[in-house]
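S.K.: I'm passing along upload02.txt; it holds compact mmCIF, C-alpha atoms.
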```txt
# COMPACT_ATOMS: atom_id res chain seq x y z
CA MET M 245 77.71 54.50 23.89
CA ALA M 246 75.44 51.48 23.85
CA SER M 247 78.40 49.14 24.16
CA GLN M 248 79.07 50.17 27.75
CA TYR M 249 75.83 48.41 28.77
CA LEU M 250 76.83 45.17 26.96
CA PRO M 251 80.16 44.02 28.42
CA PHE M 252 80.71 41.42 25.63
CA SER M 253 82.81 41.20 22.57
CA PRO M 254 81.25 42.41 19.28
CA ASP M 255 80.86 38.79 18.05
CA THR M 256 79.12 37.70 21.22
CA ARG M 257 76.81 40.71 21.09
CA LEU M 258 75.90 39.84 17.49
CA ILE M 259 74.99 36.27 18.45
CA LEU M 260 72.84 37.42 21.36
CA VAL M 261 70.96 40.02 19.33
CA THR M 262 70.36 37.56 16.48
CA THR M 263 69.05 34.95 18.90
CA ALA M 264 66.72 37.42 20.60
CA VAL M 265 65.21 38.39 17.29
CA ALA M 266 64.99 34.86 15.85
CA THR M 267 63.59 33.00 18.86
CA PRO M 268 59.99 34.34 18.68
CA VAL M 269 59.88 33.64 14.97
CA LEU M 270 61.20 30.11 15.47
CA PHE M 271 58.76 29.46 18.33
CA TYR M 272 55.83 30.62 16.16
CA ALA M 273 56.90 28.34 13.31
CA ILE M 274 57.20 25.32 15.58
CA GLN M 275 53.80 26.02 17.09
CA LYS M 276 52.17 26.18 13.65
CA LEU M 277 53.82 22.96 12.50
CA THR M 278 52.83 20.96 15.58
CA SER M 279 49.22 22.15 15.34
CA ARG M 280 48.79 20.75 11.83
CA PRO M 281 47.50 17.22 11.14
CA THR M 282 50.24 14.69 10.55
CA THR M 283 51.12 13.76 7.01
CA ALA M 284 49.57 10.34 7.64
CA ASN M 285 46.24 11.93 8.55
CA ILE M 286 46.34 14.20 5.51
CA ASP M 287 47.22 11.51 3.01
CA MET M 288 45.39 8.53 4.49
CA PRO M 289 42.20 7.83 2.48
CA LYS M 290 39.01 7.11 4.33
CA GLN M 291 37.97 3.51 4.81
CA THR M 292 34.46 2.63 3.66
CA VAL M 293 32.03 0.57 5.71
CA VAL M 294 29.08 -0.73 3.69
CA VAL M 295 25.83 -2.12 5.10
CA LEU M 296 24.18 -4.28 2.45
CA GLY M 297 20.43 -4.45 3.03
CA GLY M 298 18.38 -1.77 4.73
CA GLY M 299 15.52 -3.76 6.22
CA TRP M 300 14.69 -4.12 9.90
CA THR M 301 18.16 -5.18 11.06
CA GLY M 302 20.23 -3.54 8.35
CA SER M 303 18.79 -0.08 8.95
CA LEU M 304 19.51 -0.37 12.67
CA ALA M 305 23.04 -1.57 11.91
CA ALA M 306 23.62 1.53 9.81
CA ARG M 307 22.25 3.79 12.53
CA ARG M 308 24.45 2.28 15.24
CA LEU M 309 27.54 2.39 13.05
CA SER M 310 26.87 6.05 12.28
CA ALA M 311 27.21 6.76 15.99
CA GLU M 312 30.42 4.76 16.36
CA LEU M 313 32.49 5.57 13.27
CA ASP M 314 34.59 8.73 13.11
CA PRO M 315 33.47 10.53 9.91
CA ARG M 316 36.98 11.96 9.52
CA LYS M 317 38.31 8.43 9.03
CA TYR M 318 35.42 6.40 7.69
CA GLU M 319 32.67 6.65 5.11
CA LEU M 320 29.43 4.77 5.86
CA ILE M 321 27.15 3.66 3.03
CA LEU M 322 23.82 1.83 3.26
CA ILE M 323 22.81 0.00 0.07
CA ASN M 324 19.15 -0.96 -0.34
CA ASP M 325 16.80 -1.39 -3.28
CA ARG M 326 14.20 0.97 -1.77
CA PRO M 327 14.63 4.35 -0.06
CA TYR M 328 12.99 2.97 3.08
CA ALA M 329 12.72 -0.13 5.24
CA ILE M 330 9.48 -2.08 5.58
CA ASN M 331 8.25 -2.99 9.03
CA LEU M 332 7.81 -6.70 8.33
CA ILE M 333 6.43 -7.24 11.81
CA ALA M 334 3.38 -5.36 10.51
CA GLY M 335 3.40 -7.20 7.18
CA ALA M 336 0.39 -9.47 7.75
CA ARG M 337 -1.89 -6.64 8.81
CA MET M 338 -0.51 -4.30 6.16
CA THR M 339 -1.18 -6.64 3.23
CA SER M 340 -4.46 -8.22 4.31
CA THR M 341 -6.45 -5.30 5.75
CA THR M 342 -6.67 -1.52 5.78
CA VAL M 343 -6.52 -1.44 9.58
CA ASP M 344 -4.29 1.50 10.59
CA ASN M 345 -3.25 2.00 6.92
CA LEU M 346 0.21 0.67 7.63
CA ASP M 347 1.50 1.00 4.05
CA THR M 348 2.43 4.66 4.45
CA LYS M 349 5.65 6.50 5.20
CA ASP M 350 4.30 7.74 8.50
CA LYS M 351 3.50 4.17 9.66
CA GLY M 352 5.03 0.94 8.36
CA LEU M 353 7.37 2.29 5.69
CA LEU M 354 10.48 3.55 7.50
CA ALA M 355 12.27 6.27 5.55
CA TYR M 356 16.01 6.82 5.95
CA ASP M 357 15.72 10.60 6.23
CA LYS M 358 16.98 10.72 9.83
CA LEU M 359 18.60 7.31 10.06
CA PHE M 360 22.21 8.40 10.41
CA GLN M 361 23.19 10.02 13.68
CA ASN M 362 24.77 13.43 13.16
CA GLY M 363 24.28 12.93 9.43
CA ASN M 364 27.18 10.48 9.41
CA GLY M 365 26.31 8.23 6.48
CA SER M 366 24.65 8.03 3.07
CA VAL M 367 22.16 5.81 1.25
CA LYS M 368 22.67 4.22 -2.14
CA VAL M 369 19.33 3.12 -3.58
CA ALA M 370 20.24 0.28 -5.91
CA ARG M 371 19.94 -3.47 -6.32
CA ALA M 372 23.08 -5.40 -5.45
CA VAL M 373 23.84 -8.42 -7.63
CA ALA M 374 27.16 -9.67 -6.25
CA VAL M 375 29.88 -9.18 -3.67
CA GLU M 376 33.52 -9.35 -4.73
CA GLU M 377 36.71 -9.49 -2.67
CA ASP M 378 39.98 -7.76 -3.53
CA LYS M 379 42.17 -10.83 -3.95
CA GLU M 380 45.19 -8.78 -4.97
CA SER M 381 45.43 -6.81 -1.73
CA GLY M 382 43.72 -9.42 0.42
CA LYS M 383 41.57 -6.74 2.02
CA GLY M 384 38.15 -5.32 1.21
CA GLY M 385 36.35 -5.59 -2.07
CA TRP M 386 33.32 -4.31 -3.96
CA VAL M 387 29.54 -4.58 -3.96
CA VAL M 388 28.46 -4.95 -7.58
CA LEU M 389 25.20 -3.19 -8.47
CA GLU M 390 22.85 -3.60 -11.41
CA GLY M 391 24.43 -1.82 -14.35
CA ASP M 392 27.91 -2.96 -13.24
CA GLU M 393 28.51 -0.03 -10.91
CA LYS M 394 30.76 -1.01 -8.01
CA VAL M 395 30.92 0.31 -4.45
CA ARG M 396 34.20 -0.23 -2.63
CA TRP M 397 34.13 -1.65 0.90
CA ASP M 398 36.80 -2.08 3.54
CA ALA M 399 34.29 -3.71 5.89
CA LEU M 400 30.94 -5.14 4.83
CA VAL M 401 27.83 -5.96 6.88
CA VAL M 402 25.45 -8.34 5.10
CA ALA M 403 21.89 -7.76 6.34
CA THR M 404 19.85 -8.91 3.36
CA GLY M 405 17.19 -10.70 5.43
CA SER M 406 14.80 -13.36 4.17
CA ALA M 407 13.01 -13.85 0.87
CA TRP M 408 9.28 -14.61 1.06
CA GLN M 409 6.52 -15.52 -1.34
CA GLY M 410 2.95 -14.29 -1.47
CA PRO M 411 1.94 -11.05 0.27
CA LEU M 412 5.32 -10.61 1.99
CA ALA M 413 7.24 -10.78 -1.30
CA PHE M 414 7.35 -7.00 -1.45
CA PRO M 415 8.42 -5.63 -4.86
CA ASP M 416 10.40 -2.47 -5.54
CA GLU M 417 9.22 0.99 -4.58
CA GLU M 418 7.19 1.70 -7.73
CA LYS M 419 5.22 -1.55 -7.59
CA LEU M 420 4.76 -1.80 -3.83
CA PRO M 421 1.53 0.23 -3.47
CA ALA M 422 -0.21 -1.86 -6.15
CA HIS M 423 1.09 -5.08 -4.56
CA VAL M 424 -0.36 -4.18 -1.16
CA GLN M 425 -3.66 -3.02 -2.64
CA GLN M 426 -3.99 -6.15 -4.74
CA TRP M 427 -3.61 -8.48 -1.76
CA ARG M 428 -6.05 -6.44 0.30
CA GLU M 429 -8.63 -6.69 -2.47
CA ARG M 430 -8.06 -10.42 -2.80
CA VAL M 431 -8.69 -10.93 0.90
CA LYS M 432 -11.72 -8.65 0.89
CA GLY M 433 -13.24 -10.42 -2.10
CA ALA M 434 -12.70 -13.99 -0.87
CA SER M 435 -15.03 -15.97 1.37
CA ASP M 436 -13.08 -19.20 2.06
CA ILE M 437 -9.43 -18.36 2.76
CA TYR M 438 -6.66 -20.88 3.36
CA VAL M 439 -3.36 -19.84 4.93
CA VAL M 440 -0.64 -22.38 4.17
CA GLY M 441 1.87 -22.55 7.00
CA GLY M 442 1.21 -22.82 10.71
CA GLY M 443 4.23 -20.90 11.91
CA ALA M 444 4.06 -17.48 13.51
CA VAL M 445 3.52 -15.67 10.20
CA GLY M 446 0.67 -17.95 9.12
CA ILE M 447 -1.04 -17.68 12.50
CA GLU M 448 -0.79 -13.89 12.40
CA PHE M 449 -2.25 -13.74 8.90
CA ALA M 450 -5.17 -15.88 10.02
CA GLY M 451 -5.70 -13.75 13.12
CA GLU M 452 -5.65 -10.46 11.23
CA ILE M 453 -8.10 -11.65 8.57
CA ASN M 454 -10.38 -13.26 11.12
CA GLU M 455 -10.58 -10.08 13.19
CA ALA M 456 -11.05 -7.73 10.23
CA TYR M 457 -13.55 -10.02 8.45
CA PRO M 458 -15.28 -12.20 11.08
CA ASP M 459 -17.78 -13.54 8.53
CA LYS M 460 -15.11 -15.11 6.33
CA LYS M 461 -14.01 -18.71 6.73
CA VAL M 462 -10.31 -18.83 7.59
CA THR M 463 -8.29 -22.07 7.72
CA ILE M 464 -4.64 -22.74 8.52
CA ILE M 465 -3.03 -25.74 6.79
CA HIS M 466 0.10 -26.98 8.57
CA SER M 467 2.50 -29.81 7.76
CA GLY M 468 3.06 -30.75 11.41
CA SER M 469 0.85 -32.20 14.09
CA LYS M 470 0.93 -28.97 16.13
CA LEU M 471 1.30 -25.32 15.26
CA LEU M 472 4.79 -23.79 15.24
CA THR M 473 7.86 -26.03 15.72
CA SER M 474 9.24 -28.19 18.51
CA VAL M 475 11.51 -25.31 19.57
CA TYR M 476 8.55 -24.24 21.69
CA PRO M 477 6.98 -26.42 24.41
CA ASP M 478 3.75 -28.25 23.70
CA LYS M 479 1.91 -26.22 26.34
CA TYR M 480 2.51 -23.07 24.34
CA ARG M 481 1.73 -24.66 20.98
CA ASN M 482 -1.52 -26.02 22.41
CA ASP M 483 -2.38 -22.64 23.89
CA ILE M 484 -2.08 -20.70 20.64
CA GLU M 485 -4.10 -23.40 18.85
CA LYS M 486 -6.82 -23.16 21.47
CA LYS M 487 -6.97 -19.38 21.18
CA ALA M 488 -7.11 -19.51 17.38
CA ARG M 489 -9.92 -22.08 17.35
CA ALA M 490 -11.84 -20.06 19.93
CA ARG M 491 -11.94 -17.21 17.42
CA GLY M 492 -13.36 -19.46 14.72
CA ILE M 493 -10.10 -20.14 12.86
CA ASN M 494 -9.99 -23.68 11.45
CA ILE M 495 -6.78 -25.72 11.50
CA VAL M 496 -5.81 -28.70 9.35
CA PHE M 497 -2.73 -30.64 10.47
CA ASN M 498 -0.35 -33.07 8.72
CA GLU M 499 -1.01 -31.77 5.20
CA TYR M 500 1.50 -30.42 2.68
CA VAL M 501 0.63 -28.06 -0.15
CA ASP M 502 3.11 -28.35 -3.00
CA GLU M 503 1.42 -25.98 -5.46
CA ILE M 504 -0.25 -22.74 -4.46
CA PRO M 505 -3.24 -22.03 -6.76
CA GLN M 506 -3.07 -18.73 -8.58
CA PRO M 507 -5.41 -16.03 -7.24
CA GLY M 508 -8.81 -16.45 -8.89
CA VAL M 509 -8.47 -20.23 -9.17
CA GLN M 510 -10.92 -22.01 -6.89
CA GLY M 511 -10.05 -25.19 -5.04
CA LEU M 512 -6.97 -26.54 -3.28
CA THR M 513 -5.43 -30.01 -3.33
CA THR M 514 -2.80 -31.23 -0.83
CA ARG M 515 0.03 -33.69 -1.40
CA LYS M 516 -2.12 -36.47 0.06
CA GLY M 517 -4.86 -35.63 -2.41
CA THR M 518 -7.15 -34.00 0.13
CA ARG M 519 -9.38 -31.56 -1.73
CA PHE M 520 -10.82 -28.28 -0.47
CA ASP M 521 -13.20 -27.36 -3.28
CA THR M 522 -14.51 -24.08 -1.90
CA ALA M 523 -11.11 -22.45 -1.26
CA ASP M 524 -11.15 -19.18 -3.19
CA LEU M 525 -7.92 -17.65 -1.89
CA VAL M 526 -4.74 -19.43 -0.78
CA ILE M 527 -2.09 -17.39 1.02
CA PRO M 528 1.42 -18.87 1.25
CA ALA M 529 2.93 -18.07 4.64
CA PHE M 530 5.75 -20.59 4.81
CA GLY M 531 9.16 -21.32 3.41
CA SER M 532 11.03 -18.07 3.89
CA ARG M 533 14.66 -18.52 2.92
CA PRO M 534 17.81 -16.55 3.69
CA ASN M 535 18.38 -13.95 1.01
CA THR M 536 22.04 -14.78 0.40
CA ALA M 537 22.26 -15.09 -3.39
CA VAL M 538 24.23 -11.84 -3.56
CA VAL M 539 27.21 -13.48 -1.80
CA ALA M 540 26.94 -16.86 -3.54
CA SER M 541 29.95 -16.17 -5.75
CA LEU M 542 32.39 -15.76 -2.86
CA THR M 543 35.06 -18.45 -2.57
CA PRO M 544 35.29 -20.45 -0.46
CA SER M 545 31.50 -20.54 -0.30
CA PRO M 546 30.22 -19.07 2.96
CA ILE M 547 26.73 -20.49 2.44
CA SER M 548 25.58 -23.40 4.60
CA SER M 549 23.28 -26.22 3.55
CA ASN M 550 20.24 -24.22 4.72
CA GLY M 551 21.21 -21.17 2.68
CA SER M 552 22.45 -19.07 5.62
CA LEU M 553 25.90 -17.55 6.06
CA LYS M 554 28.37 -19.51 8.15
CA VAL M 555 29.78 -17.19 10.80
CA ASN M 556 32.28 -17.22 13.62
CA PRO M 557 31.03 -16.27 17.11
CA THR M 558 32.23 -12.73 16.30
CA LEU M 559 29.60 -12.78 13.49
CA GLU M 560 32.37 -12.41 10.93
CA VAL M 561 31.68 -14.67 7.97
CA GLN M 562 33.88 -17.75 8.06
CA GLY M 563 36.83 -17.53 5.68
CA HIS M 564 36.08 -13.94 4.67
CA PRO M 565 37.76 -11.34 6.90
CA GLY M 566 35.97 -8.02 7.02
CA ILE M 567 32.56 -9.42 6.03
CA PHE M 568 30.03 -9.63 8.86
CA ALA M 569 26.46 -10.94 8.92
CA VAL M 570 23.44 -9.95 10.99
CA GLY M 571 19.75 -10.83 11.03
CA ASP M 572 18.04 -13.66 9.19
CA VAL M 573 21.08 -14.51 7.05
CA VAL M 574 23.10 -15.72 10.05
CA ASP M 575 23.55 -19.48 10.29
CA TRP M 576 22.85 -20.00 13.98
CA ASP M 577 20.69 -22.54 15.76
CA GLU M 578 17.90 -20.15 16.63
CA GLN M 579 14.58 -18.99 15.23
CA LYS M 580 14.66 -16.15 12.71
CA GLN M 581 13.12 -13.12 14.41
CA ALA M 582 13.58 -9.35 14.49
CA ALA M 583 14.68 -9.53 18.13
CA LYS M 584 17.54 -11.86 17.20
CA GLY M 585 18.77 -9.35 14.64
CA ALA M 586 18.83 -6.64 17.29
CA ASN M 587 20.90 -8.92 19.52
CA HIS M 588 23.34 -9.56 16.67
CA LEU M 589 24.03 -5.83 16.43
CA GLY M 590 25.44 -5.74 19.95
CA ILE M 591 28.17 -8.09 18.71
CA ALA M 592 28.67 -7.16 15.07
CA VAL M 593 28.78 -3.36 15.36
CA PRO M 594 31.63 -3.21 17.92
CA ASN M 595 33.51 -5.87 15.97
CA VAL M 596 33.17 -3.95 12.69
CA VAL M 597 34.61 -0.88 14.41
CA SER M 598 37.45 -2.96 15.85
CA TYR M 599 38.15 -4.48 12.45
CA VAL M 600 38.55 -1.18 10.61
CA GLU M 601 40.68 0.14 13.48
CA GLY M 602 42.97 -2.88 13.20
CA LYS M 603 42.08 -4.20 16.64
CA PRO M 604 41.14 -7.76 17.72
CA LEU M 605 37.47 -8.75 17.52
CA LYS M 606 36.50 -9.26 21.14
CA LYS M 607 32.70 -9.47 21.14
CA VAL M 608 31.22 -12.97 20.74
CA TYR M 609 27.66 -14.15 20.21
CA ASN M 610 26.35 -16.91 22.46
CA GLY M 611 22.81 -17.07 21.11
CA SER M 612 19.58 -15.61 22.43
CA PRO M 613 16.71 -17.04 24.46
CA GLU M 614 13.70 -18.07 22.43
CA LEU M 615 10.90 -15.54 22.78
CA ILE M 616 7.75 -15.40 20.69
CA LEU M 617 4.74 -13.11 20.74
CA ILE M 618 1.90 -13.99 18.35
CA PRO M 619 -1.05 -11.60 18.18
CA LEU M 620 -4.39 -12.71 16.80
CA GLY M 621 -5.37 -9.31 15.47
CA LYS M 622 -5.36 -6.35 17.82
CA THR M 623 -7.23 -7.89 20.71
CA GLY M 624 -5.50 -11.09 21.74
CA GLY M 625 -2.87 -13.74 21.21
CA SER M 626 -0.26 -15.65 23.15
CA ALA M 627 3.37 -15.19 24.15
CA TYR M 628 6.18 -17.44 25.34
CA LEU M 629 9.38 -16.30 27.06
CA GLY M 630 12.15 -18.89 27.23
CA PHE M 631 13.40 -17.81 30.66
CA LEU M 632 13.47 -19.82 33.87
CA TRP M 633 10.81 -22.52 33.54
CA GLY M 634 9.29 -20.96 30.41
CA ILE M 635 6.82 -18.14 30.96
CA MET M 636 3.55 -17.94 29.04
CA LEU M 637 1.51 -14.76 28.67
CA GLY M 638 -1.99 -14.37 27.28
CA ASP M 639 -4.27 -11.92 25.53
CA TRP M 640 -3.46 -8.82 27.57
CA ALA M 641 0.31 -9.09 27.07
CA SER M 642 -0.04 -9.97 23.39
CA ARG M 643 -2.38 -7.06 22.80
CA THR M 644 -0.33 -4.55 24.81
CA LEU M 645 3.17 -5.54 23.74
CA LYS M 646 2.59 -6.22 20.06
CA GLY M 647 -0.93 -6.60 18.68
CA LYS M 648 -2.03 -3.05 19.45
CA ASP M 649 0.52 -1.31 17.22
CA LEU M 650 2.92 -4.01 15.88
CA PHE M 651 5.88 -1.95 17.12
CA VAL M 652 5.17 0.79 14.58
CA PRO M 653 5.85 3.71 16.99
CA GLN M 654 8.96 2.06 18.44
CA SER M 655 10.35 1.13 15.03
CA ARG M 656 10.08 4.78 14.00
CA LYS M 657 11.73 6.10 17.16
CA ASP M 658 14.58 3.64 16.75
CA ARG M 659 15.34 5.13 13.32
CA GLY M 660 15.06 8.77 14.35
CA LEU M 661 11.64 9.28 12.78
CA GLU M 662 8.66 11.18 14.10
CA VAL M 663 5.83 9.14 15.59
CA VAL M 664 2.47 10.28 14.24
```
Re-express the file's structure as structure tokens.
M.R.:
Amino acid sequence: MASQYLPFSPDTRLILVTTAVATPVLFYAIQKLTSRPTTANIDMPKQTVVVLGGGWTGSLAARRLSAELDPRKYELILINDRPYAINLIAGARMTSTTVDNLDTKDKGLLAYDKLFQNGNGSVKVARAVAVEEDKESGKGGWVVLEGDEKVRWDALVVATGSAWQGPLAFPDEEKLPAHVQQWRERVKGASDIYVVGGGAVGIEFAGEINEAYPDKKVTIIHSGSKLLTSVYPDKYRNDIEKKARARGINIVFNEYVDEIPQPGVQGLTTRKGTRFDTADLVIPAFGSRPNTAVVASLTPSPISSNGSLKVNPTLEVQGHPGIFAVGDVVDWDEQKQAAKGANHLGIAVPNVVSYVEGKPLKKVYNGSPELILIPLGKTGGSAYLGFLWGIMLGDWASRTLKGKDLFVPQSRKDRGLEVV
């Protein structure tokens, strides 16, 4: 009876019925297959981006990369020898006085707890001893840690900063509190303090000590005939000298100090033989050097005659694809400052992302204007902005922009931390 409603041959009817039954099943199967990730996405291992050095610039590099890298495709690792960054801008005040108690994790020690945006990243607390490249594949390599552990990288950002001596030569986490306390006690117990180095760091040390201990004699010894360097105009160099002297800070020009007396040893002798018999504390505030020993074994050597890393305008290290540099380690004709490191990130971060995605590196660095802001304690100082004809600002700007808080609140906000 049913055949009278299907005017087809038995074979044709069989084909039609089979098709009607099979089509929904086939459609469902196709839909499931096309909704799955491709085999390439399933099998493709994640690439690893490593930021080596978690100081001022390195921690910000890690934070920006965490916002740019797809966690489904990339793993982000920050390697640092402490579980926090140190606000070096606050270093002089932190190590010479107890003003604001900056050596705490709610002030000048910047924890990584909330550094990575959306939790996209991890921290490896360890000391790196070398960087190796994968010569066999020609891509990527390893960061070698103490104990011979290795961390693979497909792209590497070197942000190891500068190495200092004296108070700013911060040790590892366990020894840091004692280091800070020891320098504070040395300053408190001295009466005739000499700061060797008339650059920005030396001037800030002198200003902090002078303001916290106005009864102490404080003297800056500088190798040049004016404070700072010739990068800055004489009018600015004269202005900061005038302001320092007005506060009772003494300045000795054209003298080199080759040997820093050990704490507790009284007296200081310069290269010329000039003797300062009553000096009872000498603070070295000069001679920072790029902290590039960890990459010294790379071939060809990427290290310039001044110890910095030779880079292309893309901030990729010359001769070493996939390795980028930011901050104080960059060999560029500019003063080493935190602001320069921040400017480097606007070039390096997009280029790192382009590199791991296999795209051309399009961002180029053209340098930054020279800006400097030197506080003399909390209440004054001098600033120079290298725009237009060169703008100079005085006590109010120095106090408001930097001296008041040394960027402590802003540095915490920039790393996702609560401001107390």
S.K.: Mind checking which residues fall within 6 Å of stretch 361-366 of chain M, counting all atoms listed in the file, ignoring those fewer than 2 positions away in the same chain, and posting them as a list in words?
M.R.: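 Contacts, with the query itself left out: Ser310, Ala311, Leu320 and Ile321 of chain M.
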S.K.: Using all atoms listed in the file, what table do you get, as CSV, when you list each residue of stretch 472-510 of chain M with an atom no more than 8 Å from stretch 621-633 of chain M, its nearest pair of atoms, and their distance in Å rounded to one decimal, rows by chain then rising number?
M.R.:
```
residue,atom,partner,partner_atom,distance
M:Tyr480,CA,M:Tyr628,CA,6.8
M:Asp483,CA,M:Ser626,CA,7.3
M:Ile484,CA,M:Ser626,CA,5.9
M:Lys487,CA,M:Gly625,CA,7.0
```
S.K.: Check the smallest atom-to-atom distance from each of M:Ala537, M:Ala305, M:Val608, M:Ala583 to M:Phe651 using all atoms listed in the file, then report the winner.
M.R.: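 Closest to M:Phe651, using all atoms listed in the file: M:Ala583.
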S.K.: Just give me the gap between atom CA of M:Gly647 and atom CA of M:Tyr356 in Å, one decimal is fine.
M.R.: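 Interatomic distance here is 25.1 Å.
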S.K.: Show me a table, sorted first by chain and then by increasing residue number, of the residues of stretch 513-590 of chain M having an atom at most 8 Å from stretch 377-395 of chain M, each with its shortest atom pair and the distance in Å to one decimal, counting all atoms listed in the file and written as a Markdown table.
M.R.:
```
| residue | atom | partner | partner_atom | distance |
| --- | --- | --- | --- | --- |
| M:Leu542 | CA | M:Glu377 | CA | 7.6 |
| M:Pro565 | CA | M:Lys383 | CA | 7.7 |
| M:Gly566 | CA | M:Gly384 | CA | 6.8 |
```
S.K.: How would you write as a list in words the residues that get within 7 Å of (2.3, -21.0, 10.1) in the file's frame, counting all atoms listed in the file?
M.R.: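 Here the neighbourhood of the point contains Val440, Gly441, Gly442, Gly443, Ala444, Val445, Gly446, Ile447, His466, Leu471, Leu472, Ala529 and Phe530 of chain M.
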S.K.: Write out as a ChimeraX atom specification each polymer residue whose atoms come within 8 Å of M:Glu578, counting only C-alpha atoms; drop sequence neighbours fewer than 2 positions from it.
M.R.: /M:576,580,611-612,614
S.K.: Output C-alpha atoms for every residue in the selection just made, as a PDB file, in the coordinates of the input.
M.R.:
```
ATOM      1  CA  TRP M 576      22.850 -20.000  13.980  1.00  0.00           C
ATOM      2  CA  LYS M 580      14.660 -16.150  12.710  1.00  0.00           C
ATOM      3  CA  GLY M 611      22.810 -17.070  21.110  1.00  0.00           C
ATOM      4  CA  SER M 612      19.580 -15.610  22.430  1.00  0.00           C
ATOM      5  CA  GLU M 614      13.700 -18.070  22.430  1.00  0.00           C
TER       6      GLU M 614
END
```
